[in-house]
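Structure file my_file-v9.cif; described as mmCIF, C-alpha atoms and all ligand atoms.
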data_work
#
loop_
_atom_site.group_PDB
_atom_site.id
_atom_site.type_symbol
_atom_site.label_atom_id
_atom_site.label_comp_id
_atom_site.auth_asym_id
_atom_site.auth_seq_id
_atom_site.Cartn_x
_atom_site.Cartn_y
_atom_site.Cartn_z
ATOM 1 C CA MET A 165 -31.514 -39.398 46.869
ATOM 2 C CA HIS A 166 -32.340 -40.567 43.380
ATOM 3 C CA PHE A 167 -35.941 -40.974 42.300
ATOM 4 C CA ILE A 168 -36.942 -42.511 38.961
ATOM 5 C CA VAL A 169 -40.427 -41.981 37.554
ATOM 6 C CA CYS A 170 -41.831 -44.085 34.713
ATOM 7 C CA ILE A 171 -44.020 -42.003 32.457
ATOM 8 C CA LYS A 172 -46.000 -43.068 29.394
ATOM 9 C CA GLN A 173 -47.563 -41.085 26.572
ATOM 10 C CA VAL A 174 -51.163 -42.168 26.014
ATOM 11 C CA PRO A 175 -53.987 -41.086 23.675
ATOM 12 C CA GLU A 176 -55.944 -38.035 24.834
ATOM 13 C CA GLY A 177 -59.522 -38.571 26.021
ATOM 14 C CA THR A 178 -61.207 -41.300 27.953
ATOM 15 C CA GLU A 179 -62.822 -43.069 24.971
ATOM 16 C CA VAL A 180 -59.977 -45.007 23.335
ATOM 17 C CA GLU A 181 -61.051 -46.297 19.933
ATOM 18 C CA ILE A 182 -60.109 -49.769 18.807
ATOM 19 C CA ASP A 183 -59.050 -50.973 15.352
ATOM 20 C CA GLU A 184 -60.725 -54.384 15.475
ATOM 21 C CA GLU A 185 -59.110 -55.521 12.217
ATOM 22 C CA LYS A 186 -55.501 -54.890 13.319
ATOM 23 C CA GLY A 187 -56.160 -55.592 16.993
ATOM 24 C CA VAL A 188 -54.543 -52.341 18.178
ATOM 25 C CA LEU A 189 -55.648 -49.015 19.622
ATOM 26 C CA LYS A 190 -56.304 -46.279 17.038
ATOM 27 C CA ARG A 191 -53.513 -43.777 17.629
ATOM 28 C CA GLU A 192 -53.417 -41.954 14.268
ATOM 29 C CA GLY A 193 -54.849 -38.461 14.431
ATOM 30 C CA VAL A 194 -55.377 -38.816 18.169
ATOM 31 C CA GLU A 195 -53.765 -36.199 20.411
ATOM 32 C CA SER A 196 -51.438 -37.636 23.037
ATOM 33 C CA LYS A 197 -50.768 -36.653 26.613
ATOM 34 C CA LEU A 198 -49.003 -37.741 29.772
ATOM 35 C CA ASN A 199 -50.774 -40.706 31.395
ATOM 36 C CA ILE A 200 -52.691 -39.044 34.222
ATOM 37 C CA TYR A 201 -51.511 -41.442 36.946
ATOM 38 C CA ASP A 202 -47.907 -40.716 35.975
ATOM 39 C CA ALA A 203 -48.466 -37.032 36.801
ATOM 40 C CA TYR A 204 -49.256 -38.149 40.374
ATOM 41 C CA ALA A 205 -46.159 -40.380 40.393
ATOM 42 C CA LEU A 206 -43.988 -37.489 39.232
ATOM 43 C CA GLU A 207 -45.490 -35.134 41.818
ATOM 44 C CA ALA A 208 -44.746 -37.703 44.558
ATOM 45 C CA ALA A 209 -41.100 -37.885 43.452
ATOM 46 C CA VAL A 210 -40.703 -34.111 43.164
ATOM 47 C CA ARG A 211 -42.200 -33.615 46.651
ATOM 48 C CA LEU A 212 -39.736 -36.145 48.105
ATOM 49 C CA LYS A 213 -36.879 -34.372 46.322
ATOM 50 C CA GLU A 214 -38.059 -31.077 47.825
ATOM 51 C CA ARG A 215 -38.206 -32.675 51.301
ATOM 52 C CA LEU A 216 -35.028 -34.741 51.225
ATOM 53 C CA GLY A 217 -32.874 -33.419 48.377
ATOM 54 C CA GLY A 218 -31.727 -35.370 45.349
ATOM 55 C CA THR A 219 -32.687 -35.721 41.718
ATOM 56 C CA VAL A 220 -35.697 -36.909 39.769
ATOM 57 C CA THR A 221 -35.148 -38.851 36.538
ATOM 58 C CA VAL A 222 -38.050 -39.649 34.236
ATOM 59 C CA ILE A 223 -37.980 -42.540 31.788
ATOM 60 C CA SER A 224 -40.380 -43.430 29.017
ATOM 61 C CA MET A 225 -40.515 -46.113 26.362
ATOM 62 C CA GLY A 226 -42.269 -45.107 23.194
ATOM 63 C CA PRO A 227 -41.982 -43.606 19.708
ATOM 64 C CA PRO A 228 -39.917 -40.409 19.168
ATOM 65 C CA GLN A 229 -42.970 -38.194 19.783
ATOM 66 C CA ALA A 230 -43.098 -39.493 23.380
ATOM 67 C CA ALA A 231 -40.284 -36.992 24.056
ATOM 68 C CA ALA A 232 -43.129 -34.495 24.569
ATOM 69 C CA VAL A 233 -44.065 -36.056 27.926
ATOM 70 C CA ILE A 234 -40.444 -35.834 29.072
ATOM 71 C CA ARG A 235 -40.371 -32.142 28.144
ATOM 72 C CA GLU A 236 -43.618 -31.745 30.138
ATOM 73 C CA ALA A 237 -42.016 -33.557 33.090
ATOM 74 C CA TYR A 238 -39.177 -31.002 33.041
ATOM 75 C CA MET A 239 -41.811 -28.269 33.540
ATOM 76 C CA LEU A 240 -43.126 -30.222 36.525
ATOM 77 C CA GLY A 241 -39.777 -30.582 38.303
ATOM 78 C CA ALA A 242 -37.918 -33.538 36.721
ATOM 79 C CA ASP A 243 -34.151 -33.074 36.400
ATOM 80 C CA ALA A 244 -33.256 -35.576 33.670
ATOM 81 C CA GLY A 245 -35.151 -37.580 31.076
ATOM 82 C CA TYR A 246 -34.566 -40.744 29.057
ATOM 83 C CA LEU A 247 -36.609 -41.933 26.096
ATOM 84 C CA LEU A 248 -36.255 -45.587 25.115
ATOM 85 C CA SER A 249 -37.088 -45.576 21.454
ATOM 86 C CA ASP A 250 -36.230 -48.236 18.908
ATOM 87 C CA ARG A 251 -38.205 -50.274 16.375
ATOM 88 C CA LYS A 252 -36.960 -53.356 18.262
ATOM 89 C CA PHE A 253 -38.986 -52.206 21.296
ATOM 90 C CA ALA A 254 -42.236 -52.041 19.267
ATOM 91 C CA GLY A 255 -45.098 -54.464 19.907
ATOM 92 C CA ALA A 256 -43.998 -55.040 23.497
ATOM 93 C CA ASP A 257 -46.451 -56.615 25.907
ATOM 94 C CA THR A 258 -46.234 -55.759 29.600
ATOM 95 C CA LEU A 259 -43.380 -58.233 30.238
ATOM 96 C CA ALA A 260 -41.199 -56.849 27.408
ATOM 97 C CA THR A 261 -42.064 -53.280 28.483
ATOM 98 C CA SER A 262 -41.078 -54.031 32.088
ATOM 99 C CA TYR A 263 -37.880 -55.754 30.908
ATOM 100 C CA THR A 264 -36.779 -52.850 28.718
ATOM 101 C CA LEU A 265 -37.484 -50.255 31.416
ATOM 102 C CA ALA A 266 -35.735 -52.364 34.081
ATOM 103 C CA GLU A 267 -32.659 -52.886 31.867
ATOM 104 C CA ALA A 268 -32.433 -49.147 31.207
ATOM 105 C CA MET A 269 -32.618 -48.435 34.938
ATOM 106 C CA GLY A 270 -29.605 -50.681 35.390
ATOM 107 C CA HIS A 271 -27.641 -48.110 33.345
ATOM 108 C CA LEU A 272 -28.724 -45.179 35.533
ATOM 109 C CA PRO A 273 -27.210 -44.138 38.891
ATOM 110 C CA PRO A 274 -28.442 -46.283 41.820
ATOM 111 C CA VAL A 275 -32.048 -45.487 42.678
ATOM 112 C CA ASP A 276 -33.802 -45.044 46.036
ATOM 113 C CA VAL A 277 -37.457 -45.030 44.937
ATOM 114 C CA ILE A 278 -38.964 -45.861 41.545
ATOM 115 C CA PHE A 279 -42.416 -44.379 41.058
ATOM 116 C CA CYS A 280 -45.019 -45.552 38.543
ATOM 117 C CA GLY A 281 -48.629 -44.660 38.007
ATOM 118 C CA MET A 282 -51.002 -47.374 39.220
ATOM 119 C CA GLN A 283 -52.045 -48.008 35.595
ATOM 120 C CA THR A 284 -52.263 -46.384 32.189
ATOM 121 C CA THR A 285 -55.432 -45.109 30.549
ATOM 122 C CA ASP A 286 -54.772 -47.084 27.351
ATOM 123 C CA GLY A 287 -53.230 -50.484 28.170
ATOM 124 C CA ASP A 288 -54.766 -50.310 31.636
ATOM 125 C CA THR A 289 -53.136 -53.492 32.939
ATOM 126 C CA ALA A 290 -51.354 -52.126 36.061
ATOM 127 C CA GLN A 291 -48.669 -54.781 35.458
ATOM 128 C CA VAL A 292 -45.634 -52.756 34.405
ATOM 129 C CA GLY A 293 -44.731 -51.315 37.849
ATOM 130 C CA PRO A 294 -44.711 -54.672 39.675
ATOM 131 C CA GLY A 295 -43.038 -56.222 36.590
ATOM 132 C CA ILE A 296 -40.091 -53.807 36.822
ATOM 133 C CA ALA A 297 -39.760 -54.388 40.573
ATOM 134 C CA GLU A 298 -39.717 -58.170 40.150
ATOM 135 C CA LEU A 299 -37.100 -57.986 37.386
ATOM 136 C CA LEU A 300 -34.900 -55.729 39.536
ATOM 137 C CA GLY A 301 -35.536 -57.802 42.668
ATOM 138 C CA LEU A 302 -36.939 -54.799 44.565
ATOM 139 C CA PRO A 303 -39.675 -54.698 47.206
ATOM 140 C CA HIS A 304 -42.765 -52.950 45.876
ATOM 141 C CA ALA A 305 -46.231 -51.743 46.787
ATOM 142 C CA SER A 306 -49.120 -50.886 44.479
ATOM 143 C CA TYR A 307 -52.034 -48.456 44.892
ATOM 144 C CA VAL A 308 -50.136 -46.121 47.237
ATOM 145 C CA THR A 309 -52.423 -43.418 48.618
ATOM 146 C CA GLU A 310 -50.038 -41.641 50.983
ATOM 147 C CA ILE A 311 -46.300 -41.227 51.390
ATOM 148 C CA GLY A 312 -45.025 -40.715 54.908
ATOM 149 C CA ALA A 313 -41.658 -40.552 56.618
ATOM 150 C CA VAL A 314 -38.396 -41.709 55.086
ATOM 151 C CA THR A 315 -36.025 -42.876 57.823
ATOM 152 C CA ASP A 316 -33.275 -45.445 58.327
ATOM 153 C CA GLY A 317 -33.336 -46.629 54.744
ATOM 154 C CA ALA A 318 -37.092 -47.239 54.648
ATOM 155 C CA ILE A 319 -40.242 -45.414 53.582
ATOM 156 C CA VAL A 320 -43.667 -45.467 55.238
ATOM 157 C CA ILE A 321 -46.633 -45.584 52.895
ATOM 158 C CA ASP A 322 -50.386 -46.223 52.886
ATOM 159 C CA THR A 323 -51.802 -48.524 50.217
ATOM 160 C CA ASP A 324 -55.391 -49.100 49.173
ATOM 161 C CA MET A 325 -56.164 -52.794 49.730
ATOM 162 C CA GLY A 326 -59.662 -52.535 48.242
ATOM 163 C CA ASP A 327 -61.462 -53.051 51.533
ATOM 164 C CA GLY A 328 -59.172 -50.929 53.697
ATOM 165 C CA ILE A 329 -55.964 -48.936 53.896
ATOM 166 C CA GLU A 330 -52.780 -50.668 55.017
ATOM 167 C CA THR A 331 -49.770 -48.764 56.392
ATOM 168 C CA LEU A 332 -46.460 -50.359 55.475
ATOM 169 C CA GLN A 333 -42.777 -49.652 55.944
ATOM 170 C CA ILE A 334 -40.730 -50.711 52.932
ATOM 171 C CA ASP A 335 -36.942 -50.892 52.684
ATOM 172 C CA LEU A 336 -35.237 -48.725 50.091
ATOM 173 C CA PRO A 337 -34.628 -49.089 47.229
ATOM 174 C CA CYS A 338 -38.216 -49.927 46.337
ATOM 175 C CA LEU A 339 -40.887 -49.366 43.710
ATOM 176 C CA LEU A 340 -44.258 -47.737 44.402
ATOM 177 C CA THR A 341 -47.263 -47.374 42.100
ATOM 178 C CA VAL A 342 -49.505 -44.484 43.093
ATOM 179 C CA THR A 343 -53.213 -43.647 42.949
ATOM 180 C CA LYS A 344 -54.832 -40.246 42.465
ATOM 181 C CA GLU A 345 -55.290 -39.959 46.236
ATOM 182 C CA VAL A 346 -51.553 -39.596 46.847
ATOM 183 C CA ASN A 347 -51.350 -35.854 46.082
ATOM 184 C CA GLN A 348 -52.597 -33.008 43.911
ATOM 185 C CA PRO A 349 -50.134 -32.525 41.033
ATOM 186 C CA ARG A 350 -48.881 -28.986 40.452
ATOM 187 C CA LEU A 351 -49.439 -27.178 37.159
ATOM 188 C CA PRO A 352 -46.533 -26.918 34.673
ATOM 189 C CA SER A 353 -44.315 -23.964 35.607
ATOM 190 C CA PHE A 354 -43.601 -21.242 33.038
ATOM 191 C CA ARG A 355 -40.340 -20.518 34.875
ATOM 192 C CA LEU A 356 -39.279 -24.173 34.526
ATOM 193 C CA LYS A 357 -40.477 -24.236 30.917
ATOM 194 C CA MET A 358 -38.045 -21.420 30.084
ATOM 195 C CA ALA A 359 -35.263 -22.788 32.289
ATOM 196 C CA THR A 360 -35.427 -26.294 30.776
ATOM 197 C CA LYS A 361 -36.219 -25.509 27.127
ATOM 198 C CA ASP A 362 -32.663 -26.474 26.067
ATOM 199 C CA ARG A 363 -32.245 -29.338 28.517
ATOM 200 C CA PRO A 364 -31.380 -32.465 26.525
ATOM 201 C CA ILE A 365 -33.466 -35.628 26.484
ATOM 202 C CA SER A 366 -31.328 -38.757 26.232
ATOM 203 C CA VAL A 367 -32.717 -41.113 23.581
ATOM 204 C CA TRP A 368 -31.581 -44.707 24.023
ATOM 205 C CA GLY A 369 -32.006 -47.439 21.431
ATOM 206 C CA SER A 370 -31.503 -51.146 22.027
ATOM 207 C CA GLU A 371 -27.694 -50.863 21.565
ATOM 208 C CA ALA A 372 -27.507 -48.572 24.627
ATOM 209 C CA LEU A 373 -28.833 -51.336 26.863
ATOM 210 C CA VAL A 374 -25.521 -53.205 26.999
ATOM 211 C CA GLY A 375 -25.892 -56.637 28.587
ATOM 212 C CA ALA A 376 -29.622 -56.932 27.875
ATOM 213 C CA ASN A 377 -30.928 -59.908 25.897
ATOM 214 C CA PRO A 378 -32.327 -58.473 22.619
ATOM 215 C CA ASP A 379 -34.663 -61.494 22.355
ATOM 216 C CA ASN A 380 -36.571 -60.029 25.310
ATOM 217 C CA PHE A 381 -37.375 -56.739 23.550
ATOM 218 C CA GLY A 382 -40.566 -55.835 21.698
ATOM 219 C CA LEU A 383 -42.716 -58.353 19.866
ATOM 220 C CA ASP A 384 -40.028 -61.108 20.058
ATOM 221 C CA GLY A 385 -39.858 -60.777 23.834
ATOM 222 C CA SER A 386 -43.636 -60.758 24.294
ATOM 223 C CA PRO A 387 -45.126 -64.095 25.359
ATOM 224 C CA THR A 388 -48.610 -62.587 24.997
ATOM 225 C CA GLN A 389 -50.003 -61.323 21.698
ATOM 226 C CA VAL A 390 -53.332 -59.605 21.251
ATOM 227 C CA GLU A 391 -55.433 -62.090 19.268
ATOM 228 C CA ARG A 392 -58.550 -59.993 19.138
ATOM 229 C CA ILE A 393 -59.572 -56.704 20.689
ATOM 230 C CA PHE A 394 -63.113 -55.351 20.561
ATOM 231 C CA PRO A 395 -65.450 -53.135 22.555
ATOM 232 C CA PRO A 396 -67.963 -55.271 24.485
ATOM 233 C CA PRO A 397 -71.309 -55.381 22.667
ATOM 234 C CA ARG A 398 -73.896 -53.177 24.320
ATOM 235 C CA GLY A 399 -77.196 -54.512 25.630
ATOM 236 C CA ARG A 400 -76.005 -58.117 25.780
ATOM 237 C CA ASP A 401 -77.903 -60.749 27.771
ATOM 238 C CA ARG A 402 -77.139 -61.051 31.430
ATOM 239 C CA GLU A 403 -77.622 -63.960 33.803
ATOM 240 C CA ILE A 404 -77.512 -63.910 37.571
ATOM 241 C CA TRP A 405 -76.078 -67.051 39.122
ATOM 242 C CA GLN A 406 -76.359 -68.073 42.738
ATOM 243 C CA GLY A 407 -74.569 -70.795 44.662
ATOM 244 C CA THR A 408 -71.485 -71.540 46.691
ATOM 245 C CA GLY A 409 -68.044 -70.324 45.577
ATOM 246 C CA ALA A 410 -67.173 -73.829 44.353
ATOM 247 C CA GLU A 411 -70.438 -74.195 42.376
ATOM 248 C CA LEU A 412 -70.093 -70.764 40.820
ATOM 249 C CA SER A 413 -66.466 -71.238 39.788
ATOM 250 C CA GLN A 414 -67.317 -74.624 38.227
ATOM 251 C CA ARG A 415 -70.190 -73.081 36.338
ATOM 252 C CA MET A 416 -67.990 -70.195 35.226
ATOM 253 C CA GLY A 417 -65.346 -72.633 33.942
ATOM 254 C CA ALA A 418 -67.986 -74.555 31.972
ATOM 255 C CA LYS A 419 -69.384 -71.330 30.518
ATOM 256 C CA LEU A 420 -65.946 -70.088 29.442
ATOM 257 C CA LYS A 421 -65.303 -73.458 27.744
ATOM 258 C CA GLU A 422 -68.692 -73.263 26.012
ATOM 259 C CA LEU A 423 -67.802 -69.767 24.740
ATOM 260 C CA LYS A 424 -64.383 -71.132 23.671
ATOM 261 C CA TYR A 425 -62.457 -68.728 25.932
ATOM 262 C CA LEU A 426 -60.712 -71.723 27.544
HETATM 263 C C1 LIG A 501 -51.437 -59.232 26.259
HETATM 264 C C2 LIG A 501 -50.979 -57.892 25.726
HETATM 265 C C3 LIG A 501 -50.472 -57.785 24.432
HETATM 266 C C4 LIG A 501 -50.106 -56.543 23.934
HETATM 267 N N1 LIG A 501 -49.672 -56.485 22.667
HETATM 268 C C5 LIG A 501 -49.389 -55.319 22.163
HETATM 269 C C6 LIG A 501 -49.004 -55.232 20.826
HETATM 270 O O1 LIG A 501 -48.942 -56.238 20.128
HETATM 271 N N2 LIG A 501 -48.714 -53.998 20.361
HETATM 272 C C7 LIG A 501 -48.792 -52.878 21.168
HETATM 273 O O2 LIG A 501 -48.505 -51.765 20.705
HETATM 274 N N3 LIG A 501 -49.173 -52.946 22.445
HETATM 275 C C8 LIG A 501 -49.477 -54.121 22.946
HETATM 276 N N4 LIG A 501 -49.881 -54.188 24.217
HETATM 277 C C9 LIG A 501 -49.925 -52.990 25.019
HETATM 278 C C10 LIG A 501 -48.609 -52.798 25.711
HETATM 279 O O3 LIG A 501 -48.146 -53.984 26.264
HETATM 280 C C11 LIG A 501 -48.772 -51.850 26.850
HETATM 281 O O4 LIG A 501 -49.153 -50.596 26.326
HETATM 282 C C12 LIG A 501 -47.492 -51.657 27.622
HETATM 283 O O5 LIG A 501 -46.902 -52.897 27.943
HETATM 284 C C13 LIG A 501 -47.710 -50.951 28.929
HETATM 285 O O6 LIG A 501 -48.724 -51.609 29.634
HETATM 286 P P1 LIG A 501 -49.924 -50.780 30.198
HETATM 287 O O7 LIG A 501 -50.220 -49.677 29.236
HETATM 288 O O8 LIG A 501 -51.004 -51.707 30.552
HETATM 289 O O9 LIG A 501 -49.259 -50.146 31.495
HETATM 290 P P2 LIG A 501 -49.636 -50.324 33.037
HETATM 291 O O10 LIG A 501 -49.008 -51.542 33.560
HETATM 292 O O11 LIG A 501 -51.098 -50.112 33.264
HETATM 293 O O12 LIG A 501 -48.811 -49.047 33.550
HETATM 294 C C14 LIG A 501 -48.457 -48.862 34.904
HETATM 295 C C15 LIG A 501 -47.370 -47.827 34.963
HETATM 296 O O13 LIG A 501 -46.178 -48.343 34.361
HETATM 297 C C16 LIG A 501 -45.467 -47.292 33.722
HETATM 298 N N5 LIG A 501 -45.400 -47.556 32.270
HETATM 299 C C17 LIG A 501 -46.185 -48.354 31.523
HETATM 300 N N6 LIG A 501 -45.792 -48.339 30.245
HETATM 301 C C18 LIG A 501 -44.733 -47.507 30.181
HETATM 302 C C19 LIG A 501 -43.885 -47.049 29.124
HETATM 303 N N7 LIG A 501 -44.048 -47.448 27.848
HETATM 304 N N8 LIG A 501 -42.894 -46.178 29.426
HETATM 305 C C20 LIG A 501 -42.709 -45.765 30.712
HETATM 306 N N9 LIG A 501 -43.488 -46.149 31.739
HETATM 307 C C21 LIG A 501 -44.477 -47.006 31.475
HETATM 308 C C22 LIG A 501 -46.244 -46.008 34.021
HETATM 309 O O14 LIG A 501 -45.759 -45.448 35.216
HETATM 310 C C23 LIG A 501 -47.656 -46.535 34.231
HETATM 311 O O15 LIG A 501 -48.468 -45.671 34.981
HETATM 312 C C24 LIG A 501 -50.224 -55.391 24.722
HETATM 313 C C25 LIG A 501 -50.700 -55.509 26.034
HETATM 314 C C26 LIG A 501 -51.079 -56.757 26.531
HETATM 315 C C27 LIG A 501 -51.620 -56.873 27.932
#
This entry written out as structure tokens:
Amino acid sequence: MHFIVCIKQVPEGTEVEIDEEKGVLKREGVESKLNIYDAYALEAAVRLKERLGGTVTVISMGPPQAAAVIREAYMLGADAGYLLSDRKFAGADTLATSYTLAEAMGHLPPVDVIFCGMQTTDGDTAQVGPGIAELLGLPHASYVTEIGAVTDGAIVIDTDMGDGIETLQIDLPCLLTVTKEVNQPRLPSFRLKMATKDRPISVWGSEALVGANPDNFGLDGSPTQVERIFPPPRGRDREIWQGTGAELSQRMGAKLKELKYL
């Protein structure tokens, strides 16, 4: 079986600082690490490989230094790694990110399960996993908390629905985004570190994605642009509203218009 895991390099720490002037996250001088949810996604794939046989491929889109998370994935059981790195990919919103990752997957051997983390700790949108699945036309489930049997071309999983757990059977190939409940990731192996230290990482630029529409990459392919980004002011006024759903949504709409958010 072939498992693909999407992994992203994110700034270290839980307090991500914001450059309000440029409207981006401050990344200079900030240590980077593997997005924590992607460690759970990788562990899920490696456990399935150990149960059923096959290979685990990791894929990341980011600047050249993001190769570090692929090297880390090798120490955690990944067999092959691809870094999508090109200035044309820069400034991507979640749609352009999903598009680029999905196009790259089209150049890899056929996949059985694509794993993603449920979200990142920087962008935090939880949109990229479902975005990839929709672009590839694959069934998908988010917030997976448990992975069960794989039989007859389908996988049984539990997903967190917010107010309960739902057990589903999904046809393969499919895409799953996982929560921290799904497993306990192993620690990087020194044995694997030594064994994989010379393993290559394939770096693909836009020209490698033959057949893709370059207008869909990066900033050009991003229908959303960050207009302003700022930490919410502390100690702001709060109001408690009461009423029916219809009354409250009308009031909310009026308030958003008043604040010029609509
Ligand atoms: C409206 C908007 C505008 C933006 N504009 C800009 C901008 O102008 N410049 C800019 O630098 N950023 C911008 N971003 C941030 C950028 O879009 C996101 O960092 C990126 O699209 C991934 O989204 P996310 O971090 O929310 O991932 P999520 O959707 O939260 O991630 C879910 C999972 O998808 C996978 N995944 C996500 N990203 C990657 C990746 N790069 N490689 C491999 N796997 C991945 C991982 O498995 C991850 O756990 C913007 C975001 C939004 C919402």
Taking (-48.5, -62.5, 20.9) in the coordinates of the supplied file, I want to know which residues reach to within 12 Å of it, counting only C-alpha atoms; could you give the answer as a list in words? Gly187, Gly255, Ala256, Asp257, Thr258, Leu259, Ala260, Gly382, Leu383, Asp384, Gly385, Ser386, Pro387, Thr388, Gln389, Val390, Glu391 and Arg392 of chain A
re CA of Pro303 in chain A and CA of Asp327 in chain A: distance 22.3 Å
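Note on the selection: in this file the PyMOL selection byres (((chain A and resi 368) around 7) and not hetatm) comes out as Leu247, Leu248, Ser249, Ser366, Val367, Gly369, Ser370 and Ala372 of chain A.
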Neighbouring residues of ligand LIG 501 (chain A) are defined here as those with any atom at most 7 Å from a ligand atom, counting all atoms listed in the file; list them as a short mmCIF file (atom, residue, chain, number, x, y, z; two decimals) with C-alpha atoms, in the coordinates of the input.
data_model
loop_
_atom_site.label_atom_id
_atom_site.label_comp_id
_atom_site.auth_asym_id
_atom_site.auth_seq_id
_atom_site.Cartn_x
_atom_site.Cartn_y
_atom_site.Cartn_z
CA VAL A 169 -40.43 -41.98 37.55
CA CYS A 170 -41.83 -44.08 34.71
CA ILE A 171 -44.02 -42.00 32.46
CA LYS A 172 -46.00 -43.07 29.39
CA VAL A 188 -54.54 -52.34 18.18
CA ASN A 199 -50.77 -40.71 31.40
CA TYR A 201 -51.51 -41.44 36.95
CA ASP A 202 -47.91 -40.72 35.98
CA ILE A 223 -37.98 -42.54 31.79
CA SER A 224 -40.38 -43.43 29.02
CA MET A 225 -40.52 -46.11 26.36
CA GLY A 226 -42.27 -45.11 23.19
CA ALA A 254 -42.24 -52.04 19.27
CA GLY A 255 -45.10 -54.46 19.91
CA ALA A 256 -44.00 -55.04 23.50
CA ASP A 257 -46.45 -56.62 25.91
CA THR A 258 -46.23 -55.76 29.60
CA LEU A 259 -43.38 -58.23 30.24
CA ALA A 260 -41.20 -56.85 27.41
CA THR A 261 -42.06 -53.28 28.48
CA LEU A 265 -37.48 -50.26 31.42
CA PHE A 279 -42.42 -44.38 41.06
CA CYS A 280 -45.02 -45.55 38.54
CA GLY A 281 -48.63 -44.66 38.01
CA MET A 282 -51.00 -47.37 39.22
CA GLN A 283 -52.04 -48.01 35.60
CA THR A 284 -52.26 -46.38 32.19
CA ASP A 286 -54.77 -47.08 27.35
CA GLY A 287 -53.23 -50.48 28.17
CA ASP A 288 -54.77 -50.31 31.64
CA THR A 289 -53.14 -53.49 32.94
CA ALA A 290 -51.35 -52.13 36.06
CA GLN A 291 -48.67 -54.78 35.46
CA VAL A 292 -45.63 -52.76 34.40
CA GLY A 293 -44.73 -51.32 37.85
CA LEU A 383 -42.72 -58.35 19.87
CA THR A 388 -48.61 -62.59 25.00
CA GLN A 389 -50.00 -61.32 21.70
CA VAL A 390 -53.33 -59.60 21.25
#
Could you give me the centre and size, in Å to one decimal, of an axis-aligned box around all listed atoms of range 351-365 of chain A with 8 Å added on every side, as AutoDock Vina command-line options?
--center_x -40.4 --center_y -28.1 --center_z 31.6 --size_x 34.1 --size_y 31.1 --size_z 27.1
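Atom pair CA of Glu236 in chain A / CA of Arg211 in chain A has a distance of 16.7 Å (rounded to one decimal).
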Find the residues around Gln173 in chain A up to 6 Å (all atoms listed in the file counted), leave out those fewer than 5 positions away in its own chain, and share them as a list of chain:residue names. A:Lys197, A:Leu198, A:Asn199, A:Ala230
What's the 12 Å shell around Leu351 in chain A, counting all atoms listed in the file, without same-chain residues fewer than 5 positions away, as an mmCIF file with C-alpha atoms, in the coordinates of the input?
data_model
loop_
_atom_site.group_PDB
_atom_site.id
_atom_site.type_symbol
_atom_site.label_atom_id
_atom_site.label_comp_id
_atom_site.auth_asym_id
_atom_site.auth_seq_id
_atom_site.Cartn_x
_atom_site.Cartn_y
_atom_site.Cartn_z
ATOM 1 C CA ALA A 203 -48.466 -37.032 36.801
ATOM 2 C CA TYR A 204 -49.256 -38.149 40.374
ATOM 3 C CA LEU A 206 -43.988 -37.489 39.232
ATOM 4 C CA GLU A 207 -45.490 -35.134 41.818
ATOM 5 C CA GLU A 236 -43.618 -31.745 30.138
ATOM 6 C CA ALA A 237 -42.016 -33.557 33.090
ATOM 7 C CA TYR A 238 -39.177 -31.002 33.041
ATOM 8 C CA MET A 239 -41.811 -28.269 33.540
ATOM 9 C CA LEU A 240 -43.126 -30.222 36.525
ATOM 10 C CA GLY A 241 -39.777 -30.582 38.303
ATOM 11 C CA LEU A 356 -39.279 -24.173 34.526
ATOM 12 C CA LYS A 357 -40.477 -24.236 30.917
#
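From CA of His166 in chain A back to CA of Lys213 in chain A, the distance works out to 8.2 Å.
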Applied to the shown file, which residues does the PyMOL selection byres (((chain A and resi 309) around 6) and not hetatm) return, written as number ranges by chain? A: 308, 310, 322-323, 343, 345-346
Give as an NGL selection string the residues that the PyMOL selection byres (((chain A and resi 363) around 9) and not hetatm) matches when applied to the coordinates above. :A and (235 or 238 or 243-244 or 359-362 or 364-365)
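Each of A:Ala376, A:Ile182, A:Leu300, A:Ile334 was compared to Pro274 in chain A using all atoms listed in the file, and A:Leu300 turns out to be the nearest.
Of the residues listed (A:Leu189, A:Leu302, A:Ile278, A:Leu272), A:Leu189 shows the shortest atom-to-atom separation from Pro395 in chain A; distances use only C-alpha atoms.
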